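Written below as structure tokens is the structure these notes are about.
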Amino acid sequence: MKLVMTLLVRNEADIIEANLDYHLAQGVDFVIVTDHGSTDETVALLRRYEQAGVVTVLREEGSQHHQSIRVTRMARLALSRHAADWVINNDADEFWWPLSGSLRDVFASIPSGYGQIEVQRRNFLPRPDGNGPFHSRLLYRDTRSLSPSGLPLEPKVAHRAHPNVVVAPGNHSISGAELSPAPASELLEIFHFPMRSYEQFERKVIQTGIGYEKLEHRSPGVGQDQLKLLAIYREGGLRQYYDDALLDDEALEHGLRQGSIVLDRRLDDFMQRLPGPASQADRPDGPPSRSFIASALGAFLELAQARAQTADLEQQLSAREAELAATGEALQSLRDSHLVRWSGPLRRLWYRI
């Protein structure tokens, strides 16, 4: 099983190394990166992974944010150039976390009857500036994550590699291929770190918002959260927006008491062990995890097939009942017809003869 990840990045020097190190340790075999005109250290950092043979980088310029086009191209290259079985279309601030085992264990265990899996995201909250890497500073997350629009945070989708796949803006869905969704999305979750510092957040808001703003023929709803944040920035309110989102000690205590915020050290614990044998893809809990996932999803698949067969039988039965009803109505019409009544004496005479 070959697992390939795609990344569309722009000025992500503060997080790109952690993202690549984490996912490669979790069993990702290869990463295809599209660098959209980075001007910070992102280019130099990616070069080290290119030289190691685990990353290939495509270069793009221009201000327009053609996310769907660029990610779709990478997703198709994952199959045509790298023989991928599964493709994770990821962002630099997202870390895919397996319920058990490694990412490789999860994707290798999904039965062939399923072609995509929907994964929920968990927002980690910004804290007052401190020292150390982001995963050691940002340890608290929402129990119910929302987007800037106030709506539930949209999940992301991973899929089996397919030559005709089309990845929607935001990597929230796919089209162009008949790939049945797996039902058990809790096998994975995504740790999301959109606010790591004000400087990083402001830069992201400007470059992404303008990228969507300049996008020609943009469909309604595409990039609406980014455009909303850009409008807040232009009105001079982005700093206040960020400060309102900061989790100070009082808000933290209140959230923990109410259960709206939880402490989550899983990513930090994992990253602290890198590099090391405990962090590699072949983990001790891998084999039992594969067995459990395969049997659980296999049971769901058998249930779905049984339901489909039952629905087909019910449809056939309904068709037969309709045929019988139509035949009965035809016979009754024949009995009630003038021809049958008028020919009655002649038929009775014929029967006597």
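We name chains A, B, ... following the order of the structure tokens; residues begin at 1 in each chain, and ligands are numbered from 1 as shown.
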
_I'd like the contact shell of His82 (chain A) - 10 Å cut-off, only C-alpha atoms, skipping same-chain residues fewer than 2 positions apart - returned as a list in words._
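Close residues of His82 (chain A): Lys2, Leu3, Val4, Asp29, Phe30, Val31, Ile32, Arg76, Leu77, Ala78, Leu79, Ser80, Ala84 and Asp85 of chain A.
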
*Can you pull out every residue within 6 Å of region 55-71 of chain A, counting only C-alpha atoms, but drop anything in the same chain fewer than 6 positions away, and send it as a list in words?*
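After dropping sequence-adjacent residues, the list is Phe30, Val31, Ile32, Val33, Thr34, Asp35, His36, Gly37, Tyr49, Val167, Ala168, Pro169, Gly211, Tyr212, Lys214 and Leu215 of chain A.
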
Any chance you could export the current selection's N, CA and C atoms as a PDB file, in the first residue's frame?
ATOM      1  N   PHE A  30       5.346   9.408   0.281  1.00  0.00           N
ATOM      2  CA  PHE A  30       5.859  10.471  -0.583  1.00  0.00           C
ATOM      3  C   PHE A  30       4.922  11.668  -0.493  1.00  0.00           C
ATOM      4  N   VAL A  31       5.491  12.870  -0.686  1.00  0.00           N
ATOM      5  CA  VAL A  31       4.708  14.099  -0.606  1.00  0.00           C
ATOM      6  C   VAL A  31       4.936  14.915  -1.871  1.00  0.00           C
ATOM      7  N   ILE A  32       3.827  15.336  -2.503  1.00  0.00           N
ATOM      8  CA  ILE A  32       3.876  16.247  -3.647  1.00  0.00           C
ATOM      9  C   ILE A  32       3.474  17.626  -3.143  1.00  0.00           C
ATOM     10  N   VAL A  33       4.355  18.589  -3.308  1.00  0.00           N
ATOM     11  CA  VAL A  33       4.123  19.943  -2.809  1.00  0.00           C
ATOM     12  C   VAL A  33       4.027  20.906  -3.985  1.00  0.00           C
ATOM     13  N   THR A  34       3.014  21.763  -3.956  1.00  0.00           N
ATOM     14  CA  THR A  34       2.967  22.908  -4.862  1.00  0.00           C
ATOM     15  C   THR A  34       3.263  24.147  -4.045  1.00  0.00           C
ATOM     16  N   ASP A  35       4.373  24.808  -4.347  1.00  0.00           N
ATOM     17  CA  ASP A  35       4.754  26.031  -3.657  1.00  0.00           C
ATOM     18  C   ASP A  35       4.252  27.223  -4.470  1.00  0.00           C
ATOM     19  N   HIS A  36       3.323  27.970  -3.856  1.00  0.00           N
ATOM     20  CA  HIS A  36       2.693  29.089  -4.553  1.00  0.00           C
ATOM     21  C   HIS A  36       3.435  30.384  -4.220  1.00  0.00           C
ATOM     22  N   GLY A  37       4.611  30.534  -4.799  1.00  0.00           N
ATOM     23  CA  GLY A  37       5.331  31.793  -4.703  1.00  0.00           C
ATOM     24  C   GLY A  37       5.805  32.169  -3.320  1.00  0.00           C
ATOM     25  N   TYR A  49      14.131  18.096   1.849  1.00  0.00           N
ATOM     26  CA  TYR A  49      13.297  16.904   1.676  1.00  0.00           C
ATOM     27  C   TYR A  49      13.339  16.417   0.227  1.00  0.00           C
ATOM     28  N   VAL A 167     -10.621  17.444  -7.006  1.00  0.00           N
ATOM     29  CA  VAL A 167     -10.655  17.838  -5.600  1.00  0.00           C
ATOM     30  C   VAL A 167     -11.294  19.215  -5.499  1.00  0.00           C
ATOM     31  N   ALA A 168     -12.322  19.331  -4.678  1.00  0.00           N
ATOM     32  CA  ALA A 168     -13.047  20.592  -4.534  1.00  0.00           C
ATOM     33  C   ALA A 168     -12.208  21.612  -3.771  1.00  0.00           C
ATOM     34  N   PRO A 169     -12.519  22.912  -3.910  1.00  0.00           N
ATOM     35  CA  PRO A 169     -11.810  23.934  -3.133  1.00  0.00           C
ATOM     36  C   PRO A 169     -11.880  23.630  -1.644  1.00  0.00           C
ATOM     37  N   GLY A 211      -5.952  36.144  -2.894  1.00  0.00           N
ATOM     38  CA  GLY A 211      -5.934  35.077  -3.890  1.00  0.00           C
ATOM     39  C   GLY A 211      -7.320  34.663  -4.317  1.00  0.00           C
ATOM     40  N   TYR A 212      -8.243  34.565  -3.366  1.00  0.00           N
ATOM     41  CA  TYR A 212      -9.630  34.238  -3.712  1.00  0.00           C
ATOM     42  C   TYR A 212     -10.328  35.434  -4.365  1.00  0.00           C
ATOM     43  N   LYS A 214      -9.118  37.666  -6.346  1.00  0.00           N
ATOM     44  CA  LYS A 214      -8.705  37.813  -7.737  1.00  0.00           C
ATOM     45  C   LYS A 214      -9.041  36.603  -8.593  1.00  0.00           C
ATOM     46  N   LEU A 215      -9.626  35.587  -7.986  1.00  0.00           N
ATOM     47  CA  LEU A 215      -9.930  34.365  -8.720  1.00  0.00           C
ATOM     48  C   LEU A 215     -11.108  34.605  -9.662  1.00  0.00           C
TER      49      LEU A 215
END

*Skip Glu154 (chain A) itself and residues of its chain fewer than 4 positions away, then list as a PyMOL selection string all residues within 12 Å of it, counting only C-alpha atoms.*
chain A and resi 118-123+144-150+169-173+190+192+225

*Nearest candidate to Asn19 (chain A) (options A:Lys204, A:Arg239, A:His159, A:His135; using only C-alpha atoms)*: A:His135

Would you tabulate, counting only C-alpha atoms, all residues of region 293-332 of chain A that have an atom at most 12 Å from an atom of region 102-106 of chain A, showing the closest pair of atoms and their distance in Å to one decimal, sorted by chain then ascending number, as CSV?
residue,atom,partner,partner_atom,distance
A:Ile293,CA,A:Val106,CA,7.0
A:Ala294,CA,A:Val106,CA,8.7
A:Ala296,CA,A:Val106,CA,11.8
A:Leu297,CA,A:Val106,CA,10.8

How would the residues just chosen look if you wrote them out with all heavy atoms as a compact mmCIF listing (two decimals), in the first residue's frame?
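Here's the written file again26.txt:
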# COMPACT_ATOMS: atom_id res chain seq x y z
N ILE A 293 -9.81 -2.54 12.31
CA ILE A 293 -10.37 -1.62 11.32
C ILE A 293 -10.95 -2.40 10.14
O ILE A 293 -12.06 -2.12 9.67
CB ILE A 293 -9.30 -0.63 10.85
CG1 ILE A 293 -8.89 0.28 11.99
CG2 ILE A 293 -9.81 0.20 9.67
CD1 ILE A 293 -7.67 1.12 11.70
N ALA A 294 -10.19 -3.40 9.66
CA ALA A 294 -10.66 -4.18 8.52
C ALA A 294 -11.95 -4.92 8.84
O ALA A 294 -12.89 -4.94 8.03
CB ALA A 294 -9.58 -5.17 8.09
N ALA A 296 -14.18 -4.19 11.27
CA ALA A 296 -15.27 -3.26 11.53
C ALA A 296 -15.83 -2.67 10.24
O ALA A 296 -17.04 -2.67 10.01
CB ALA A 296 -14.79 -2.14 12.46
N LEU A 297 -14.94 -2.18 9.37
CA LEU A 297 -15.40 -1.61 8.11
C LEU A 297 -15.97 -2.68 7.19
O LEU A 297 -16.89 -2.42 6.41
CB LEU A 297 -14.26 -0.86 7.42
CG LEU A 297 -13.81 0.44 8.08
CD1 LEU A 297 -12.72 1.10 7.26
CD2 LEU A 297 -14.98 1.39 8.27

*Among the residues of region 151-253 of chain A, find those DSSP assigns to strand (DSSP E) from the backbone and print them as a ChimeraX atom specification.*
/A:156-160,166-167,174-175,188-192

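If you look at CA of Leu188 (chain A) and CA of Pro155 (chain A), they are 11.0 Å away from each other.
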
*Selected residue of minimal separation from Gly298 (chain A) among A:Gly236, A:Pro133, A:Pro183, A:Gly328, counting only C-alpha atoms*: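 Of A:Gly236, A:Pro133, A:Pro183, A:Gly328, the one nearest Gly298 (chain A) is A:Pro183, counting only C-alpha atoms.
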
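Shortest separation to Ala25 (chain A) among A:Arg273, A:Arg352, A:Arg307, A:Arg218 occurs at residue A:Arg273, atoms counted being only C-alpha atoms.
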
_Separation of CA of Pro220 (chain A) from CA of Glu12 (chain A) in Å_ = 27.6 Å
